[in-house]
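Working notes, beginning with the structure itself.
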Amino acid sequence: MDDAICLTYDISPDDFTRAGEASSDVKKKLKQMGVGPEAVRKVAIAMYEGEINMVIHAKGGEIRVEITPERIVMVLDDVGPGIPNVEKAMQAGYSTAPDEVRSLGFGAGMGLPNMKQYTDSMEIDTRIGVGTKITMVVNI
Amino acid sequence: MTVRDVKDTLKARVLTGEDLLDQEVRSACGSDMMSDVLAFSKDHSVLLTGLCNPQVIRTAEMLDIVCLIFVRGKKPDDSIIEMAADRGIVVLATGHRMFSACGMLYGAGLRGGAV
């Protein structure tokens with residue numbers, strides 16, 4: 001599409017303090033573009049949860065965001081352990097996060113369920129020992 | 001109610017956002033788990049938490065939370081307060097524990113939103 005805007009972010013692993021910077025930037029840009037507040041909120045929450053996951057579970061990765069007048073597509077591509085049981089991971093409350101992550105306020109087992117709840121579609125492509133690619137779409 | 005009413009109810013200190021106290025507050029959420037906040041929080045909310053790290057500010061930012069309240073006498077460091085100031089989020093601090101602080105706000109008429 002001619003009028004698509006693409007943004008790419010490198011997500012560095014183990015840098016919990018900076019986790020969320022990419023989502024924050026996307027949120028700001030969408031607001032500036034005049035995207036409606038409900039869509040901005042959905043994108044911000046879903047991407048932020050995904051970004052946190054990439055920092056705490058994977059070894060970082062890349063997030064690509066494509067913005068068109070109709071929709072916002074987020075592709076979160078990580079180099080990580082993969083998700084052994086996607087069905088379980090999608091259950092609210094199921095978490096494999098270590099205690100250290102819980103003490104930081106995450107690991108409540110709401111990450112993937114939240115991502116699904118706040119997007120119009122979500123696809124998970126995961127390979128054990130290779131990584132996970134999550135594609136989320138929010139319609140405007 | 002306004003952020004000022006929240007502050008007065010809890011006899012809280014303002015750590016940043018003294019000029020933003022007249023904003024409207026419609027609901028509240030109390031949690032130390034940020035994913036739970038992301039799942040349940042509503043518009044124009046205040047967030048009560050005992051968690052003191054930059055992700056509290058990020059969570060508030062993503063949800064357009066108007067006011068953060070650190071309970072149990074928690075004191076966030078200057079970099080966290082600065083982050084909130086940059087984003088126009090009011091930060092309050094109270095010595096009350098989570099349960100008491102939530103109860104006081106509930107008693108003053110604030111609600112958590114529908115189940």
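All residue names refer to the structure tokens as shown: chains lettered A, B, ... in order, residues numbered from 1 in each chain, ligands numbered from 1 in order.
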Using only C-alpha atoms, I'd like a table of the residues in chain B that come within 12 Å of chain A; for each, show the closest atom pair and its distance in Å rounded to one decimal, ordered by chain and ascending number, as JSON lines.
{"residue": "B:Ser31", "atom": "CA", "partner": "A:Gly105", "partner_atom": "CA", "distance": 8.9}
{"residue": "B:Asp32", "atom": "CA", "partner": "A:Gly105", "partner_atom": "CA", "distance": 5.8}
{"residue": "B:Met33", "atom": "CA", "partner": "A:Gly105", "partner_atom": "CA", "distance": 4.4}
{"residue": "B:Met34", "atom": "CA", "partner": "A:Gly105", "partner_atom": "CA", "distance": 5.3}
{"residue": "B:Ser35", "atom": "CA", "partner": "A:Met110", "partner_atom": "CA", "distance": 5.6}
{"residue": "B:Asp36", "atom": "CA", "partner": "A:Met110", "partner_atom": "CA", "distance": 6.6}
{"residue": "B:Val37", "atom": "CA", "partner": "A:Met110", "partner_atom": "CA", "distance": 9.7}
{"residue": "B:Leu38", "atom": "CA", "partner": "A:Ile45", "partner_atom": "CA", "distance": 6.7}
{"residue": "B:Ala39", "atom": "CA", "partner": "A:Asn114", "partner_atom": "CA", "distance": 5.8}
{"residue": "B:Phe40", "atom": "CA", "partner": "A:Asn114", "partner_atom": "CA", "distance": 9.4}
{"residue": "B:Ser41", "atom": "CA", "partner": "A:Ile45", "partner_atom": "CA", "distance": 10.8}
{"residue": "B:Lys42", "atom": "CA", "partner": "A:Arg41", "partner_atom": "CA", "distance": 10.7}
{"residue": "B:Asp43", "atom": "CA", "partner": "A:Arg41", "partner_atom": "CA", "distance": 9.9}
{"residue": "B:Thr49", "atom": "CA", "partner": "A:Gly105", "partner_atom": "CA", "distance": 10.0}
{"residue": "B:Gly50", "atom": "CA", "partner": "A:Gly105", "partner_atom": "CA", "distance": 9.8}
{"residue": "B:Leu51", "atom": "CA", "partner": "A:Gly105", "partner_atom": "CA", "distance": 6.9}
{"residue": "B:Cys52", "atom": "CA", "partner": "A:Leu104", "partner_atom": "CA", "distance": 8.5}
{"residue": "B:Asn53", "atom": "CA", "partner": "A:Leu104", "partner_atom": "CA", "distance": 7.3}
{"residue": "B:Pro54", "atom": "CA", "partner": "A:Thr17", "partner_atom": "CA", "distance": 6.1}
{"residue": "B:Gln55", "atom": "CA", "partner": "A:Thr17", "partner_atom": "CA", "distance": 7.2}
{"residue": "B:Val56", "atom": "CA", "partner": "A:Gly105", "partner_atom": "CA", "distance": 8.2}
{"residue": "B:Ile57", "atom": "CA", "partner": "A:Gly20", "partner_atom": "CA", "distance": 10.0}
{"residue": "B:Arg58", "atom": "CA", "partner": "A:Gly20", "partner_atom": "CA", "distance": 6.5}
{"residue": "B:Thr59", "atom": "CA", "partner": "A:Ile45", "partner_atom": "CA", "distance": 8.1}
{"residue": "B:Ala60", "atom": "CA", "partner": "A:Ile45", "partner_atom": "CA", "distance": 10.2}
{"residue": "B:Glu61", "atom": "CA", "partner": "A:Ser24", "partner_atom": "CA", "distance": 7.6}
{"residue": "B:Met62", "atom": "CA", "partner": "A:Ala44", "partner_atom": "CA", "distance": 5.5}
{"residue": "B:Leu63", "atom": "CA", "partner": "A:Arg41", "partner_atom": "CA", "distance": 6.5}
{"residue": "B:Asp64", "atom": "CA", "partner": "A:Arg41", "partner_atom": "CA", "distance": 8.1}
{"residue": "B:Ile65", "atom": "CA", "partner": "A:Arg41", "partner_atom": "CA", "distance": 11.2}
{"residue": "B:Ser79", "atom": "CA", "partner": "A:Thr17", "partner_atom": "CA", "distance": 10.9}
{"residue": "B:Ile80", "atom": "CA", "partner": "A:Thr17", "partner_atom": "CA", "distance": 10.4}
{"residue": "B:Met83", "atom": "CA", "partner": "A:Thr17", "partner_atom": "CA", "distance": 11.6}
{"residue": "B:Arg87", "atom": "CA", "partner": "A:Ser24", "partner_atom": "CA", "distance": 10.4}
Write a file of the selected residues as a short mmCIF file (atom, residue, chain, number, x, y, z; two decimals), in the first residue's frame, keeping C-alpha atoms.
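Contents of selection27.cif, as written:
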data_model
loop_
_atom_site.label_atom_id
_atom_site.label_comp_id
_atom_site.auth_asym_id
_atom_site.auth_seq_id
_atom_site.Cartn_x
_atom_site.Cartn_y
_atom_site.Cartn_z
CA SER B 31 -2.42 -3.78 42.16
CA ASP B 32 1.27 -4.58 42.24
CA MET B 33 0.93 -6.73 39.11
CA MET B 34 1.11 -4.54 36.04
CA SER B 35 -0.43 -7.11 33.69
CA ASP B 36 -3.53 -7.20 35.87
CA VAL B 37 -3.70 -3.43 35.67
CA LEU B 38 -3.38 -3.63 31.88
CA ALA B 39 -6.20 -6.18 31.78
CA PHE B 40 -8.73 -4.39 33.91
CA SER B 41 -8.00 -0.70 34.02
CA LYS B 42 -10.51 1.82 32.73
CA ASP B 43 -10.36 5.31 31.31
CA THR B 49 0.47 0.40 43.80
CA GLY B 50 3.35 -0.53 46.06
CA LEU B 51 5.57 -1.39 43.11
CA CYS B 52 8.33 1.15 42.50
CA ASN B 53 9.95 0.70 39.12
CA PRO B 54 9.90 2.41 35.69
CA GLN B 55 7.36 -0.09 34.37
CA VAL B 56 4.71 1.39 36.67
CA ILE B 57 5.07 4.68 34.78
CA ARG B 58 5.06 2.88 31.42
CA THR B 59 1.91 0.98 32.36
CA ALA B 60 0.26 4.24 33.42
CA GLU B 61 1.38 5.83 30.16
CA MET B 62 -0.12 3.05 28.00
CA LEU B 63 -3.45 3.32 29.83
CA ASP B 64 -3.60 7.14 30.05
CA ILE B 65 -3.81 6.84 33.81
CA SER B 79 14.21 9.15 37.81
CA ILE B 80 10.77 7.55 38.18
CA MET B 83 9.45 10.01 33.95
CA ARG B 87 4.27 12.29 30.71
#
Quiz prompt | Contacts of Leu20 of chain B at 12 Å (only C-alpha atoms; same-chain gap of 3+ positions) as a VMD selection string | solution = chain B and resid 2 to 4 7 14 to 17 23 to 25 66 to 67 85 87 to 92
Quiz item: What is the distance between atom CA of Asp3 of chain A and atom CA of Met122 of chain A, in Å to one decimal?
Solution: 23.2 Å
Selection near Met74 of chain A, 9 Å with only C-alpha atoms, sequence-local residues under 6 positions removed, as a PDB file with all heavy atoms, in the first residue's frame:
ATOM      1  N   VAL A  43      -3.507  -0.620  20.716  1.00  0.00           N
ATOM      2  CA  VAL A  43      -2.167  -0.883  20.185  1.00  0.00           C
ATOM      3  C   VAL A  43      -1.131  -0.755  21.302  1.00  0.00           C
ATOM      4  O   VAL A  43      -0.242  -1.608  21.449  1.00  0.00           O
ATOM      5  CB  VAL A  43      -1.826   0.101  19.029  1.00  0.00           C
ATOM      6  CG1 VAL A  43      -0.343   0.038  18.676  1.00  0.00           C
ATOM      7  CG2 VAL A  43      -2.679  -0.203  17.804  1.00  0.00           C
ATOM      8  N   MET A  47       1.011  -4.002  22.368  1.00  0.00           N
ATOM      9  CA  MET A  47       2.432  -3.977  21.990  1.00  0.00           C
ATOM     10  C   MET A  47       3.327  -3.953  23.230  1.00  0.00           C
ATOM     11  O   MET A  47       4.368  -4.603  23.272  1.00  0.00           O
ATOM     12  CB  MET A  47       2.710  -2.765  21.100  1.00  0.00           C
ATOM     13  CG  MET A  47       4.154  -2.701  20.638  1.00  0.00           C
ATOM     14  SD  MET A  47       4.406  -1.426  19.398  1.00  0.00           S
ATOM     15  CE  MET A  47       6.187  -1.202  19.567  1.00  0.00           C
ATOM     16  N   ILE A  63      10.598  -5.430  16.499  1.00  0.00           N
ATOM     17  CA  ILE A  63       9.162  -5.166  16.333  1.00  0.00           C
ATOM     18  C   ILE A  63       8.981  -4.292  15.093  1.00  0.00           C
ATOM     19  O   ILE A  63       9.657  -3.280  14.943  1.00  0.00           O
ATOM     20  CB  ILE A  63       8.555  -4.448  17.560  1.00  0.00           C
ATOM     21  CG1 ILE A  63       8.717  -5.303  18.820  1.00  0.00           C
ATOM     22  CG2 ILE A  63       7.068  -4.139  17.318  1.00  0.00           C
ATOM     23  CD1 ILE A  63       8.138  -4.669  20.085  1.00  0.00           C
ATOM     24  N   ARG A  64       8.103  -4.728  14.208  1.00  0.00           N
ATOM     25  CA  ARG A  64       7.780  -3.921  13.024  1.00  0.00           C
ATOM     26  C   ARG A  64       6.309  -3.511  13.108  1.00  0.00           C
ATOM     27  O   ARG A  64       5.441  -4.341  13.414  1.00  0.00           O
ATOM     28  CB  ARG A  64       8.030  -4.730  11.741  1.00  0.00           C
ATOM     29  CG  ARG A  64       9.501  -5.106  11.549  1.00  0.00           C
ATOM     30  CD  ARG A  64       9.721  -5.873  10.257  1.00  0.00           C
ATOM     31  NE  ARG A  64       9.077  -7.178  10.250  1.00  0.00           N
ATOM     32  CZ  ARG A  64       9.576  -8.266  10.829  1.00  0.00           C
ATOM     33  NH1 ARG A  64      10.726  -8.215  11.480  1.00  0.00           N
ATOM     34  NH2 ARG A  64       8.922  -9.416  10.760  1.00  0.00           N
ATOM     35  N   VAL A  65       6.064  -2.255  12.873  1.00  0.00           N
ATOM     36  CA  VAL A  65       4.694  -1.740  12.943  1.00  0.00           C
ATOM     37  C   VAL A  65       4.355  -1.108  11.602  1.00  0.00           C
ATOM     38  O   VAL A  65       5.113  -0.285  11.090  1.00  0.00           O
ATOM     39  CB  VAL A  65       4.550  -0.686  14.070  1.00  0.00           C
ATOM     40  CG1 VAL A  65       3.112  -0.193  14.173  1.00  0.00           C
ATOM     41  CG2 VAL A  65       5.006  -1.254  15.403  1.00  0.00           C
ATOM     42  N   GLU A  66       3.233  -1.549  11.026  1.00  0.00           N
ATOM     43  CA  GLU A  66       2.792  -0.972   9.761  1.00  0.00           C
ATOM     44  C   GLU A  66       1.455  -0.271   9.990  1.00  0.00           C
ATOM     45  O   GLU A  66       0.516  -0.868  10.520  1.00  0.00           O
ATOM     46  CB  GLU A  66       2.637  -2.083   8.725  1.00  0.00           C
ATOM     47  CG  GLU A  66       2.439  -1.546   7.319  1.00  0.00           C
ATOM     48  CD  GLU A  66       2.099  -2.671   6.352  1.00  0.00           C
ATOM     49  OE1 GLU A  66       3.025  -3.352   5.881  1.00  0.00           O
ATOM     50  OE2 GLU A  66       0.895  -2.873   6.105  1.00  0.00           O
ATOM     51  N   ILE A  67       1.431   0.990   9.619  1.00  0.00           N
ATOM     52  CA  ILE A  67       0.224   1.782   9.866  1.00  0.00           C
ATOM     53  C   ILE A  67      -0.389   2.198   8.529  1.00  0.00           C
ATOM     54  O   ILE A  67       0.279   2.800   7.691  1.00  0.00           O
ATOM     55  CB  ILE A  67       0.563   3.047  10.686  1.00  0.00           C
ATOM     56  CG1 ILE A  67       1.269   2.657  11.990  1.00  0.00           C
ATOM     57  CG2 ILE A  67      -0.705   3.858  10.989  1.00  0.00           C
ATOM     58  CD1 ILE A  67       2.202   3.716  12.518  1.00  0.00           C
ATOM     59  N   ILE A 134       4.867 -13.079  16.595  1.00  0.00           N
ATOM     60  CA  ILE A 134       3.458 -12.789  16.874  1.00  0.00           C
ATOM     61  C   ILE A 134       3.009 -11.637  15.991  1.00  0.00           C
ATOM     62  O   ILE A 134       3.656 -10.587  15.939  1.00  0.00           O
ATOM     63  CB  ILE A 134       3.252 -12.455  18.363  1.00  0.00           C
ATOM     64  CG1 ILE A 134       3.608 -13.675  19.221  1.00  0.00           C
ATOM     65  CG2 ILE A 134       1.806 -12.014  18.627  1.00  0.00           C
ATOM     66  CD1 ILE A 134       3.357 -13.524  20.699  1.00  0.00           C
ATOM     67  N   THR A 135       1.927 -11.872  15.269  1.00  0.00           N
ATOM     68  CA  THR A 135       1.372 -10.825  14.411  1.00  0.00           C
ATOM     69  C   THR A 135       0.028 -10.396  14.970  1.00  0.00           C
ATOM     70  O   THR A 135      -0.864 -11.224  15.142  1.00  0.00           O
ATOM     71  CB  THR A 135       1.204 -11.351  12.965  1.00  0.00           C
ATOM     72  OG1 THR A 135       2.466 -11.885  12.531  1.00  0.00           O
ATOM     73  CG2 THR A 135       0.780 -10.232  12.024  1.00  0.00           C
ATOM     74  N   MET A 136      -0.088  -9.115  15.275  1.00  0.00           N
ATOM     75  CA  MET A 136      -1.336  -8.598  15.849  1.00  0.00           C
ATOM     76  C   MET A 136      -1.870  -7.478  14.963  1.00  0.00           C
ATOM     77  O   MET A 136      -1.104  -6.676  14.443  1.00  0.00           O
ATOM     78  CB  MET A 136      -1.091  -8.042  17.253  1.00  0.00           C
ATOM     79  CG  MET A 136      -0.612  -9.069  18.254  1.00  0.00           C
ATOM     80  SD  MET A 136      -0.447  -8.371  19.927  1.00  0.00           S
ATOM     81  CE  MET A 136       1.038  -7.386  19.762  1.00  0.00           C
ATOM     82  N   VAL A 137      -3.186  -7.448  14.813  1.00  0.00           N
ATOM     83  CA  VAL A 137      -3.818  -6.414  13.996  1.00  0.00           C
ATOM     84  C   VAL A 137      -4.865  -5.673  14.818  1.00  0.00           C
ATOM     85  O   VAL A 137      -5.662  -6.287  15.521  1.00  0.00           O
ATOM     86  CB  VAL A 137      -4.492  -7.032  12.746  1.00  0.00           C
ATOM     87  CG1 VAL A 137      -5.176  -5.944  11.913  1.00  0.00           C
ATOM     88  CG2 VAL A 137      -3.486  -7.789  11.901  1.00  0.00           C
ATOM     89  N   VAL A 138      -4.811  -4.350  14.740  1.00  0.00           N
ATOM     90  CA  VAL A 138      -5.872  -3.528  15.330  1.00  0.00           C
ATOM     91  C   VAL A 138      -6.495  -2.727  14.187  1.00  0.00           C
ATOM     92  O   VAL A 138      -5.801  -1.980  13.493  1.00  0.00           O
ATOM     93  CB  VAL A 138      -5.321  -2.571  16.418  1.00  0.00           C
ATOM     94  CG1 VAL A 138      -6.386  -1.548  16.840  1.00  0.00           C
ATOM     95  CG2 VAL A 138      -4.839  -3.355  17.628  1.00  0.00           C
TER      96      VAL A 138
END
According to DSSP computed on the backbone, where in segment 34-139 of chain A is there helix (DSSP H, G or I)? Give the residues as a PDB file with C-alpha atoms, in the first residue's frame.
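As a result, out12.pdb now contains:
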ATOM      1  CA  PRO A  37      -7.914   7.133  21.178  1.00  0.00           C
ATOM      2  CA  GLU A  38      -9.517   3.676  21.407  1.00  0.00           C
ATOM      3  CA  ALA A  39      -7.266   2.225  18.678  1.00  0.00           C
ATOM      4  CA  VAL A  40      -4.207   3.950  20.162  1.00  0.00           C
ATOM      5  CA  ARG A  41      -4.976   2.455  23.573  1.00  0.00           C
ATOM      6  CA  LYS A  42      -5.424  -1.048  22.140  1.00  0.00           C
ATOM      7  CA  VAL A  43      -2.167  -0.883  20.185  1.00  0.00           C
ATOM      8  CA  ALA A  44      -0.258   0.560  23.150  1.00  0.00           C
ATOM      9  CA  ILE A  45      -1.396  -2.130  25.613  1.00  0.00           C
ATOM     10  CA  ALA A  46      -0.974  -5.083  23.222  1.00  0.00           C
ATOM     11  CA  MET A  47       2.432  -3.977  21.990  1.00  0.00           C
ATOM     12  CA  TYR A  48       3.672  -3.135  25.488  1.00  0.00           C
ATOM     13  CA  GLU A  49       2.761  -6.611  26.774  1.00  0.00           C
ATOM     14  CA  GLY A  50       4.506  -8.125  23.776  1.00  0.00           C
ATOM     15  CA  GLU A  51       7.559  -5.963  24.247  1.00  0.00           C
ATOM     16  CA  ILE A  52       7.805  -6.931  27.927  1.00  0.00           C
ATOM     17  CA  ASN A  53       7.557 -10.611  26.911  1.00  0.00           C
ATOM     18  CA  MET A  54      10.415 -10.167  24.453  1.00  0.00           C
ATOM     19  CA  VAL A  55      12.592  -8.753  27.222  1.00  0.00           C
ATOM     20  CA  ILE A  56      11.712 -11.213  29.995  1.00  0.00           C
ATOM     21  CA  VAL A  86       0.519 -22.066  23.189  1.00  0.00           C
ATOM     22  CA  GLU A  87      -2.911 -23.163  24.398  1.00  0.00           C
ATOM     23  CA  LYS A  88      -1.749 -23.090  28.024  1.00  0.00           C
ATOM     24  CA  ALA A  89       0.097 -19.813  27.538  1.00  0.00           C
ATOM     25  CA  ASP A  99      10.007 -15.071  40.677  1.00  0.00           C
ATOM     26  CA  GLU A 100      12.447 -12.335  39.785  1.00  0.00           C
ATOM     27  CA  VAL A 101      10.078 -11.173  37.034  1.00  0.00           C
ATOM     28  CA  ARG A 102       7.103 -11.302  39.410  1.00  0.00           C
ATOM     29  CA  GLY A 111       0.425 -11.108  28.880  1.00  0.00           C
ATOM     30  CA  LEU A 112      -0.818 -13.166  25.925  1.00  0.00           C
ATOM     31  CA  PRO A 113      -4.493 -13.036  27.027  1.00  0.00           C
ATOM     32  CA  ASN A 114      -4.217  -9.234  27.200  1.00  0.00           C
ATOM     33  CA  MET A 115      -2.634  -9.102  23.746  1.00  0.00           C
ATOM     34  CA  LYS A 116      -5.516 -11.112  22.330  1.00  0.00           C
ATOM     35  CA  GLN A 117      -8.133  -9.121  24.208  1.00  0.00           C
TER      36      GLN A 117
END
Quiz prompt | In segment 2-112 of chain B, DSSP strand (DSSP E or B) residues written as number ranges by chain | solution = B: 2, 13-16, 24, 27-30, 45-49, 67-70, 90-93, 111
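Our summary of the geometry notes that atom CA of Gly80 of chain A is positioned 27.5 Å from atom CA of Ile5 of chain A.
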Quiz item: segment 97-108 of chain B: which residues within 10 Å, counting only C-alpha atoms, same-chain residues fewer than 2 positions away excluded, as a list in words?
Solution: Met1, Asp5, Val6, Lys7, Thr9, Leu10, Ser27, Ala28, Cys29, Gly30, Ser31, Asp32, Leu47, Leu48, Thr49, Gly50, Ile69, Phe70, Val71, Arg72, Gly73, Lys74, Thr94, Gly95, Leu110, Arg111 and Gly112 of chain B
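Our summary of the geometry notes that atom CA of Gly129 of chain A is positioned 16.4 Å from atom CA of Leu76 of chain A.
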Quiz item: Looking at A:Ala58, A:Leu30, A:Val130, A:Ile140, which one is nearest to Asp14 of chain A, with distances taken over only C-alpha atoms?
Solution: A:Ala58
